[in-house]
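Text of the file run_11.txt, holding compact mmCIF, C-alpha atoms:
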# COMPACT_ATOMS: atom_id res chain seq x y z
CA MET A 1 -11.85 -79.03 75.89
CA ASP A 2 -9.71 -79.98 72.87
CA ALA A 3 -6.16 -78.67 72.75
CA ILE A 4 -5.67 -79.90 69.16
CA VAL A 5 -7.87 -78.72 66.27
CA THR A 6 -7.02 -81.29 63.60
CA LYS A 7 -8.28 -84.86 63.77
CA PRO A 8 -5.42 -87.15 64.88
CA VAL A 9 -4.37 -90.31 63.09
CA VAL A 10 -5.60 -93.37 64.98
CA ARG A 11 -3.91 -96.56 63.78
CA GLY A 12 -3.42 -98.03 67.24
CA VAL A 13 -4.61 -97.36 70.79
CA ILE A 14 -2.59 -98.02 73.94
CA PHE A 15 -4.33 -98.04 77.29
CA ASP A 16 -3.02 -97.67 80.78
CA CYS A 17 -4.50 -100.42 82.95
CA ASP A 18 -5.43 -99.19 86.45
CA GLY A 19 -8.03 -96.43 86.34
CA VAL A 20 -8.55 -96.83 82.59
CA LEU A 21 -9.41 -100.46 81.83
CA VAL A 22 -10.10 -101.64 85.38
CA ASP A 23 -11.49 -99.69 88.31
CA THR A 24 -8.62 -100.54 90.63
CA GLU A 25 -7.37 -97.19 91.86
CA ASN A 26 -9.62 -96.70 94.89
CA LEU A 27 -9.25 -100.31 96.04
CA ALA A 28 -5.47 -100.35 95.62
CA ASN A 29 -5.09 -96.93 97.22
CA GLN A 30 -7.09 -97.99 100.28
CA VAL A 31 -4.99 -101.13 100.70
CA LEU A 32 -1.78 -99.09 100.48
CA THR A 33 -3.10 -96.44 102.89
CA ASP A 34 -4.13 -99.03 105.48
CA LEU A 35 -0.77 -100.76 105.25
CA LEU A 36 1.23 -97.54 105.61
CA CYS A 37 -0.81 -96.61 108.66
CA GLU A 38 0.04 -99.98 110.19
CA TYR A 39 3.71 -99.18 109.61
CA GLY A 40 3.46 -95.98 111.63
CA CYS A 41 2.55 -93.29 109.11
CA ASP A 42 -0.69 -91.40 109.76
CA MET A 43 -1.67 -91.40 106.09
CA THR A 44 -5.07 -90.58 104.60
CA PRO A 45 -6.36 -92.00 101.30
CA GLU A 46 -6.23 -88.49 99.84
CA GLN A 47 -2.57 -88.10 100.81
CA SER A 48 -1.73 -91.53 99.45
CA HIS A 49 -3.37 -90.65 96.16
CA ASP A 50 -1.52 -87.35 95.87
CA PHE A 51 1.86 -88.86 96.70
CA PHE A 52 1.76 -92.14 94.82
CA LEU A 53 -0.85 -92.23 92.01
CA GLY A 54 0.70 -93.17 88.68
CA GLY A 55 4.00 -94.31 90.16
CA THR A 56 5.26 -97.77 90.94
CA LEU A 57 4.83 -99.45 94.32
CA ALA A 58 8.60 -99.85 94.45
CA SER A 59 8.89 -96.05 94.59
CA VAL A 60 6.74 -95.84 97.73
CA GLY A 61 9.49 -96.96 100.11
CA PRO A 62 11.99 -94.24 99.14
CA LYS A 63 9.26 -91.59 99.17
CA MET A 64 8.12 -92.66 102.62
CA ALA A 65 11.65 -92.43 103.97
CA GLU A 66 12.29 -89.06 102.34
CA THR A 67 8.95 -87.42 103.16
CA PHE A 68 7.92 -88.97 106.48
CA GLY A 69 11.10 -90.51 107.84
CA VAL A 70 9.37 -93.91 107.89
CA LYS A 71 11.42 -96.95 106.86
CA LEU A 72 9.16 -99.68 105.56
CA PRO A 73 10.00 -103.21 106.72
CA ASP A 74 11.52 -105.89 104.52
CA GLY A 75 8.79 -107.74 102.68
CA TRP A 76 6.29 -104.88 102.78
CA LEU A 77 5.94 -104.90 99.00
CA ASP A 78 4.97 -108.58 98.91
CA GLU A 79 2.45 -107.97 101.68
CA CYS A 80 0.96 -105.02 99.80
CA TYR A 81 0.58 -107.02 96.61
CA ALA A 82 -0.96 -109.95 98.49
CA ARG A 83 -3.56 -107.71 100.12
CA THR A 84 -4.23 -105.89 96.85
CA PHE A 85 -4.77 -109.12 94.92
CA LYS A 86 -7.16 -110.34 97.64
CA ALA A 87 -9.15 -107.09 97.40
CA PHE A 88 -9.25 -107.32 93.60
CA LYS A 89 -10.50 -110.91 93.63
CA LYS A 90 -13.23 -109.98 96.10
CA ASP A 91 -14.41 -106.51 95.06
CA LEU A 92 -13.00 -105.44 91.68
CA LYS A 93 -15.55 -104.38 89.07
CA PRO A 94 -15.11 -103.31 85.43
CA PHE A 95 -15.77 -99.79 84.23
CA SER A 96 -19.27 -99.82 82.80
CA GLY A 97 -18.31 -98.11 79.54
CA ILE A 98 -15.02 -99.80 78.63
CA GLY A 99 -16.60 -102.66 76.68
CA ALA A 100 -18.15 -100.28 74.15
CA VAL A 101 -14.80 -98.55 73.63
CA LEU A 102 -13.00 -101.84 72.95
CA ASP A 103 -15.82 -103.08 70.71
CA LEU A 104 -15.56 -99.91 68.60
CA LEU A 105 -11.83 -100.36 68.11
CA ASP A 106 -12.22 -104.05 67.28
CA ALA A 107 -14.94 -103.24 64.75
CA ARG A 108 -12.69 -100.69 63.04
CA GLY A 109 -9.70 -103.06 63.03
CA ILE A 110 -7.63 -100.85 65.34
CA PRO A 111 -4.99 -102.86 67.24
CA MET A 112 -4.80 -102.28 70.99
CA ALA A 113 -2.21 -102.78 73.71
CA ILE A 114 -1.64 -102.01 77.38
CA GLY A 115 1.20 -99.95 78.85
CA SER A 116 1.20 -99.93 82.65
CA ASN A 117 3.55 -99.18 85.50
CA GLY A 118 2.08 -102.18 87.32
CA PRO A 119 3.62 -105.67 87.26
CA HIS A 120 2.26 -108.47 85.10
CA ASP A 121 0.97 -110.55 88.00
CA LYS A 122 -1.15 -107.64 89.20
CA MET A 123 -2.60 -107.12 85.70
CA ASP A 124 -3.22 -110.85 85.35
CA VAL A 125 -5.41 -110.69 88.46
CA SER A 126 -7.24 -107.46 87.64
CA LEU A 127 -7.78 -108.05 83.92
CA GLY A 128 -8.73 -111.65 84.56
CA LYS A 129 -11.28 -110.66 87.19
CA VAL A 130 -13.13 -108.30 84.80
CA GLY A 131 -12.83 -110.56 81.74
CA LEU A 132 -10.48 -108.41 79.66
CA ILE A 133 -7.22 -110.35 79.68
CA ASP A 134 -7.94 -112.33 76.49
CA ARG A 135 -8.58 -109.12 74.56
CA PHE A 136 -5.00 -108.02 75.18
CA ARG A 137 -3.07 -111.25 75.51
CA GLY A 138 0.43 -110.89 74.06
CA ARG A 139 0.11 -107.10 74.04
CA ILE A 140 0.34 -106.33 77.77
CA CYS A 141 3.41 -104.27 78.66
CA SER A 142 4.66 -103.45 82.15
CA ALA A 143 7.22 -100.97 83.40
CA HIS A 144 9.03 -104.10 84.62
CA ASP A 145 9.71 -104.88 80.94
CA VAL A 146 11.59 -101.65 80.25
CA ALA A 147 14.42 -99.56 81.65
CA HIS A 148 12.33 -96.70 83.04
CA ALA A 149 8.79 -96.47 84.41
CA LYS A 150 6.37 -93.65 83.62
CA PRO A 151 6.71 -90.67 83.32
CA ALA A 152 9.40 -91.97 80.95
CA PRO A 153 7.84 -93.07 77.63
CA ASP A 154 9.48 -96.51 77.55
CA VAL A 155 6.44 -98.68 78.26
CA TYR A 156 4.32 -96.91 75.64
CA LEU A 157 7.07 -97.21 73.05
CA LEU A 158 7.26 -100.95 73.78
CA ALA A 159 3.48 -101.28 73.48
CA ALA A 160 3.57 -99.59 70.06
CA GLN A 161 6.21 -102.11 68.97
CA LYS A 162 3.98 -104.96 70.16
CA ILE A 163 1.17 -103.91 67.82
CA GLY A 164 3.51 -102.90 65.00
CA ILE A 165 2.26 -99.33 64.73
CA PRO A 166 4.51 -96.23 64.85
CA ILE A 167 3.94 -94.43 68.15
CA LEU A 168 3.18 -91.19 66.27
CA ASP A 169 0.12 -92.95 64.80
CA CYS A 170 -1.06 -94.20 68.19
CA VAL A 171 -3.39 -92.79 70.81
CA VAL A 172 -2.50 -93.24 74.47
CA VAL A 173 -5.21 -93.19 77.16
CA ASP A 174 -4.05 -92.62 80.74
CA ASP A 175 -5.63 -91.32 83.94
CA SER A 176 -2.56 -90.13 85.87
CA ILE A 177 -0.19 -87.20 85.60
CA SER A 178 2.85 -89.43 85.18
CA GLY A 179 1.05 -91.51 82.56
CA VAL A 180 -0.03 -88.47 80.56
CA ARG A 181 3.53 -87.18 80.65
CA ALA A 182 4.73 -90.56 79.41
CA GLY A 183 2.23 -90.55 76.57
CA VAL A 184 3.17 -87.05 75.47
CA ALA A 185 6.90 -87.84 75.73
CA SER A 186 6.41 -90.92 73.55
CA GLY A 187 4.99 -88.80 70.72
CA ALA A 188 1.50 -90.31 70.84
CA THR A 189 -1.70 -88.31 70.84
CA THR A 190 -2.54 -88.49 74.53
CA ILE A 191 -5.99 -88.51 76.13
CA GLY A 192 -6.26 -87.83 79.84
CA LEU A 193 -9.15 -89.90 81.23
CA VAL A 194 -10.61 -88.37 84.38
CA ASP A 195 -10.72 -90.81 87.30
CA LEU A 196 -9.01 -89.68 90.52
CA THR A 197 -7.07 -86.89 88.79
CA SER A 198 -8.92 -83.79 87.62
CA ALA A 199 -9.24 -82.65 84.02
CA ASP A 200 -7.32 -79.48 84.84
CA ASP A 201 -4.39 -81.46 86.26
CA LEU A 202 -4.33 -83.81 83.27
CA LEU A 203 -4.30 -80.87 80.87
CA ALA A 204 -1.56 -79.20 82.92
CA ALA A 205 0.46 -82.42 82.56
CA GLY A 206 0.24 -82.02 78.78
CA ALA A 207 -2.79 -84.08 77.73
CA HIS A 208 -3.84 -83.20 74.19
CA TYR A 209 -7.44 -84.10 74.98
CA VAL A 210 -9.40 -84.91 78.13
CA ALA A 211 -12.33 -87.33 78.43
CA SER A 212 -14.53 -86.91 81.47
CA ASP A 213 -15.51 -90.60 81.51
CA HIS A 214 -15.60 -93.68 79.29
CA ARG A 215 -18.68 -92.43 77.41
CA ALA A 216 -16.80 -89.26 76.52
CA LEU A 217 -13.81 -91.39 75.50
CA LEU A 218 -16.07 -93.42 73.21
CA ASP A 219 -17.48 -90.25 71.65
CA LEU A 220 -14.00 -88.85 71.08
CA LEU A 221 -12.66 -91.99 69.40
CA SER A 222 -15.87 -92.44 67.37
CA GLY A 223 -15.46 -88.96 65.94
CA TRP A 224 -11.85 -89.57 64.99
CA LEU A 225 -12.66 -92.89 63.33
CA ALA A 226 -15.72 -91.65 61.44
Show me, as structure tokens, the structure contained in the file I just sent.
Amino acid sequence: MDAIVTKPVVRGVIFDCDGVLVDTENLANQVLTDLLCEYGCDMTPEQSHDFFLGGTLASVGPKMAETFGVKLPDGWLDECYARTFKAFKKDLKPFSGIGAVLDLLDARGIPMAIGSNGPHDKMDVSLGKVGLIDRFRGRICSAHDVAHAKPAPDVYLLAAQKIGIPILDCVVVDDSISGVRAGVASGATTIGLVDLTSADDLLAAGAHYVASDHRALLDLLSGWLA
């Protein structure tokens, strides 16, 4: 599984948010799929995942026009966020194994941050719902804070600055192809966490390591910090 033989330096860990810290991807993808269907595109959840996972919602409009010839109406983005937030508040649940991962890093004194393509208001809702927002307060970075979203490395470089650790001494954990590419481009040791994207696809995107779930992620980090 490992693409690197030597044990990496772990002085800081930067997490993606959706699909890594909070189990949002299926909920958000279903909301987006339903909305696009209402706007005249016969989209399935699988197609929506393949086209849009790891990108920003703002990129959906141009992709819809280019790929399907569908022009989304003014205000569609606000409507999508409103429906997504409602779904999060009602149905969002935490990943069962993420608490143990964060507890390990806290116990070893490893600073943590978030680097996400999502906006802050979305993360406020999702992280607040699952009780994680206070563990990252002041260290939550969005693509809206930087010049370029993932797969550019900007948001991960900003997150490293927030915790005061050189990016080369950080580990990035992301579940999407664009996020893995961003982590690798930043210079961080990058773990692809399997959620909706397969291990093979994450490795093909450049992931140095792959964790099949949060238990495997815990085992990987525990071994590096031993």
Requested in this report: Write out as a ChimeraX atom specification which residues come within 9 Å of Lys63 (chain A) when counting only C-alpha atoms, dropping same-chain ones fewer than 5 positions away.
Outcome: /A:51-52,68-69
So that I have them on file, write out the residues from the current selection with C-alpha atoms, as a PDB file, in the coordinates of the input.
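Result written to result_25.pdb:
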ATOM      1  CA  PHE A  51       1.860 -88.860  96.700  1.00  0.00           C
ATOM      2  CA  PHE A  52       1.760 -92.140  94.820  1.00  0.00           C
ATOM      3  CA  PHE A  68       7.920 -88.970 106.480  1.00  0.00           C
ATOM      4  CA  GLY A  69      11.100 -90.510 107.840  1.00  0.00           C
TER       5      GLY A  69
END
**Report entry** Two-atom distance - CA of Leu132 (chain A), CA of Leu27 (chain A) (Å)
**Finding:**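 Calculated distance between CA of Leu132 (chain A) and CA of Leu27 (chain A) is 18.3 Å.
Of the listed residues (A:Ala182, A:Ile177, A:Leu21, A:Ala28), A:Leu21 comes nearest to Ala113 (chain A); the distances count only C-alpha atoms.
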Report summary line: Nearest to Ile167 (chain A), restricted to all atoms listed in the file and choosing among A:Val13, A:Lys86, A:Lys7, A:Trp76, comes out as A:Val13
Query raised in the report: Counting all atoms listed in the file, which of A:Thr24, A:Gln47, A:Gln161, A:Thr67 gets nearest to Asp175 (chain A)?
Result: A:Thr24
Query raised in the report: Could you state the separation of CA of Val10 (chain A) and CA of Ala159 (chain A) in Å, given to one decimal place?
Result: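 Going from CA of Val10 (chain A) over to CA of Ala159 (chain A) covers 14.7 Å.
Pairwise distance (CA of Thr6 (chain A), CA of Gly179 (chain A)) equals 23.0 Å.
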Query raised in the report: Which residues, protein or nucleic acid, reach to within 10 Å of (-16.9, -105.0, 84.8) in the file's coordinates when using all atoms listed in the file, and can you give that as number ranges by chain?
Result: A: 21-23, 92-99, 127, 129-132
**Report entry** Neighbour residues at most 8 Å from (-7.3, -92.3, 91.8) (only C-alpha atoms) as a PyMOL selection string
**Finding:** chain A and resi 19+25-26+29+49+53+176+195-197
Query raised in the report: Which neighbours of region 136-141 of chain A fall inside 12 Å, counting only C-alpha atoms, when residues of the same chain fewer than 5 positions from it are skipped, and could you give them as a PyMOL selection string?
Result: chain A and resi 12-17+21+102+106+111-124+127-128+131+146+149+154-164
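The shortest atom-to-atom distance to Asp18 (chain A), with all atoms listed in the file taken into account, belongs to A:Val125 out of A:Ala152, A:Ala58, A:Val70, A:Val125.
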Query raised in the report: Given the choices A:Ile165, A:Val60, A:Leu105, A:Ile133, which gets closest to Leu217 (chain A) if the distance is worked out from all atoms listed in the file?
Result: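 Checking each of A:Ile165, A:Val60, A:Leu105, A:Ile133 against Leu217 (chain A), counting all atoms listed in the file, the winner is A:Leu105.
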Query - Residue among A:Trp224, A:Phe88, A:Arg215, A:Leu57 lying closest to His144 (chain A), counting only C-alpha atoms - result: A:Leu57
May I have the centre and edge lengths, in Å to one decimal, of an axis-aligned box around the listed atoms of region 85-102 of chain A with 6 Å added to every side, as JSON?
{"center_x": -12.0, "center_y": -104.5, "center_z": 85.3, "size_x": 26.5, "size_y": 24.8, "size_z": 36.7}
Region 105-116 of chain A rebuilt with all heavy atoms, output as a PDB file, keeping the file's coordinate frame:
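For reference, selection_35.pdb as written:
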ATOM      1  N   LEU A 105     -13.154-100.214  68.689  1.00  0.00           N
ATOM      2  CA  LEU A 105     -11.830-100.360  68.110  1.00  0.00           C
ATOM      3  C   LEU A 105     -11.684-101.689  67.390  1.00  0.00           C
ATOM      4  O   LEU A 105     -11.093-101.760  66.296  1.00  0.00           O
ATOM      5  CB  LEU A 105     -10.759-100.198  69.196  1.00  0.00           C
ATOM      6  CG  LEU A 105     -10.732 -98.813  69.860  1.00  0.00           C
ATOM      7  CD1 LEU A 105      -9.761 -98.801  71.030  1.00  0.00           C
ATOM      8  CD2 LEU A 105     -10.363 -97.727  68.859  1.00  0.00           C
ATOM      9  N   ASP A 106     -12.242-102.750  67.956  1.00  0.00           N
ATOM     10  CA  ASP A 106     -12.220-104.050  67.280  1.00  0.00           C
ATOM     11  C   ASP A 106     -12.973-103.975  65.947  1.00  0.00           C
ATOM     12  O   ASP A 106     -12.517-104.500  64.926  1.00  0.00           O
ATOM     13  CB  ASP A 106     -12.865-105.114  68.175  1.00  0.00           C
ATOM     14  CG  ASP A 106     -11.882-105.710  69.177  1.00  0.00           C
ATOM     15  OD1 ASP A 106     -10.662-105.602  68.948  1.00  0.00           O
ATOM     16  OD2 ASP A 106     -12.339-106.275  70.182  1.00  0.00           O
ATOM     17  N   ALA A 107     -14.129-103.321  65.956  1.00  0.00           N
ATOM     18  CA  ALA A 107     -14.940-103.240  64.750  1.00  0.00           C
ATOM     19  C   ALA A 107     -14.235-102.458  63.640  1.00  0.00           C
ATOM     20  O   ALA A 107     -14.434-102.741  62.457  1.00  0.00           O
ATOM     21  CB  ALA A 107     -16.287-102.582  65.072  1.00  0.00           C
ATOM     22  N   ARG A 108     -13.420-101.494  64.027  1.00  0.00           N
ATOM     23  CA  ARG A 108     -12.690-100.690  63.040  1.00  0.00           C
ATOM     24  C   ARG A 108     -11.311-101.270  62.728  1.00  0.00           C
ATOM     25  O   ARG A 108     -10.548-100.661  61.973  1.00  0.00           O
ATOM     26  CB  ARG A 108     -12.540 -99.255  63.549  1.00  0.00           C
ATOM     27  CG  ARG A 108     -13.853 -98.563  63.837  1.00  0.00           C
ATOM     28  CD  ARG A 108     -14.733 -98.440  62.591  1.00  0.00           C
ATOM     29  NE  ARG A 108     -16.057 -97.917  62.908  1.00  0.00           N
ATOM     30  CZ  ARG A 108     -16.352 -96.641  62.993  1.00  0.00           C
ATOM     31  NH1 ARG A 108     -15.422 -95.731  62.778  1.00  0.00           N
ATOM     32  NH2 ARG A 108     -17.583 -96.261  63.293  1.00  0.00           N
ATOM     33  N   GLY A 109     -10.984-102.414  63.314  1.00  0.00           N
ATOM     34  CA  GLY A 109      -9.700-103.060  63.030  1.00  0.00           C
ATOM     35  C   GLY A 109      -8.513-102.319  63.601  1.00  0.00           C
ATOM     36  O   GLY A 109      -7.408-102.399  63.043  1.00  0.00           O
ATOM     37  N   ILE A 110      -8.703-101.606  64.704  1.00  0.00           N
ATOM     38  CA  ILE A 110      -7.630-100.850  65.340  1.00  0.00           C
ATOM     39  C   ILE A 110      -6.950-101.715  66.392  1.00  0.00           C
ATOM     40  O   ILE A 110      -7.594-102.120  67.368  1.00  0.00           O
ATOM     41  CB  ILE A 110      -8.168 -99.563  66.001  1.00  0.00           C
ATOM     42  CG1 ILE A 110      -8.930 -98.696  64.990  1.00  0.00           C
ATOM     43  CG2 ILE A 110      -7.038 -98.783  66.658  1.00  0.00           C
ATOM     44  CD1 ILE A 110      -8.080 -98.186  63.858  1.00  0.00           C
ATOM     45  N   PRO A 111      -5.668-102.044  66.252  1.00  0.00           N
ATOM     46  CA  PRO A 111      -4.990-102.860  67.240  1.00  0.00           C
ATOM     47  C   PRO A 111      -4.821-102.116  68.557  1.00  0.00           C
ATOM     48  O   PRO A 111      -4.639-100.899  68.583  1.00  0.00           O
ATOM     49  CB  PRO A 111      -3.639-103.181  66.606  1.00  0.00           C
ATOM     50  CG  PRO A 111      -3.427-102.102  65.601  1.00  0.00           C
ATOM     51  CD  PRO A 111      -4.781-101.698  65.118  1.00  0.00           C
ATOM     52  N   MET A 112      -4.870-102.862  69.651  1.00  0.00           N
ATOM     53  CA  MET A 112      -4.800-102.280  70.990  1.00  0.00           C
ATOM     54  C   MET A 112      -3.744-102.976  71.821  1.00  0.00           C
ATOM     55  O   MET A 112      -3.457-104.155  71.628  1.00  0.00           O
ATOM     56  CB  MET A 112      -6.156-102.425  71.693  1.00  0.00           C
ATOM     57  CG  MET A 112      -7.305-101.708  71.021  1.00  0.00           C
ATOM     58  SD  MET A 112      -8.892-102.069  71.845  1.00  0.00           S
ATOM     59  CE  MET A 112      -9.263-103.711  71.192  1.00  0.00           C
ATOM     60  N   ALA A 113      -3.184-102.231  72.772  1.00  0.00           N
ATOM     61  CA  ALA A 113      -2.210-102.780  73.710  1.00  0.00           C
ATOM     62  C   ALA A 113      -2.376-102.083  75.044  1.00  0.00           C
ATOM     63  O   ALA A 113      -3.131-101.118  75.181  1.00  0.00           O
ATOM     64  CB  ALA A 113      -0.781-102.596  73.185  1.00  0.00           C
ATOM     65  N   ILE A 114      -1.658-102.589  76.038  1.00  0.00           N
ATOM     66  CA  ILE A 114      -1.640-102.010  77.380  1.00  0.00           C
ATOM     67  C   ILE A 114      -0.224-101.596  77.720  1.00  0.00           C
ATOM     68  O   ILE A 114       0.732-102.342  77.469  1.00  0.00           O
ATOM     69  CB  ILE A 114      -2.153-103.011  78.432  1.00  0.00           C
ATOM     70  CG1 ILE A 114      -3.634-103.319  78.199  1.00  0.00           C
ATOM     71  CG2 ILE A 114      -1.942-102.476  79.853  1.00  0.00           C
ATOM     72  CD1 ILE A 114      -4.161-104.436  79.083  1.00  0.00           C
ATOM     73  N   GLY A 115      -0.080-100.409  78.308  1.00  0.00           N
ATOM     74  CA  GLY A 115       1.200 -99.950  78.850  1.00  0.00           C
ATOM     75  C   GLY A 115       0.989 -99.468  80.269  1.00  0.00           C
ATOM     76  O   GLY A 115       0.353 -98.435  80.484  1.00  0.00           O
ATOM     77  N   SER A 116       1.488-100.212  81.236  1.00  0.00           N
ATOM     78  CA  SER A 116       1.200 -99.930  82.650  1.00  0.00           C
ATOM     79  C   SER A 116       2.473 -99.909  83.474  1.00  0.00           C
ATOM     80  O   SER A 116       3.433-100.622  83.167  1.00  0.00           O
ATOM     81  CB  SER A 116       0.259-101.009  83.208  1.00  0.00           C
ATOM     82  OG  SER A 116       0.083-100.875  84.604  1.00  0.00           O
TER      83      SER A 116
END
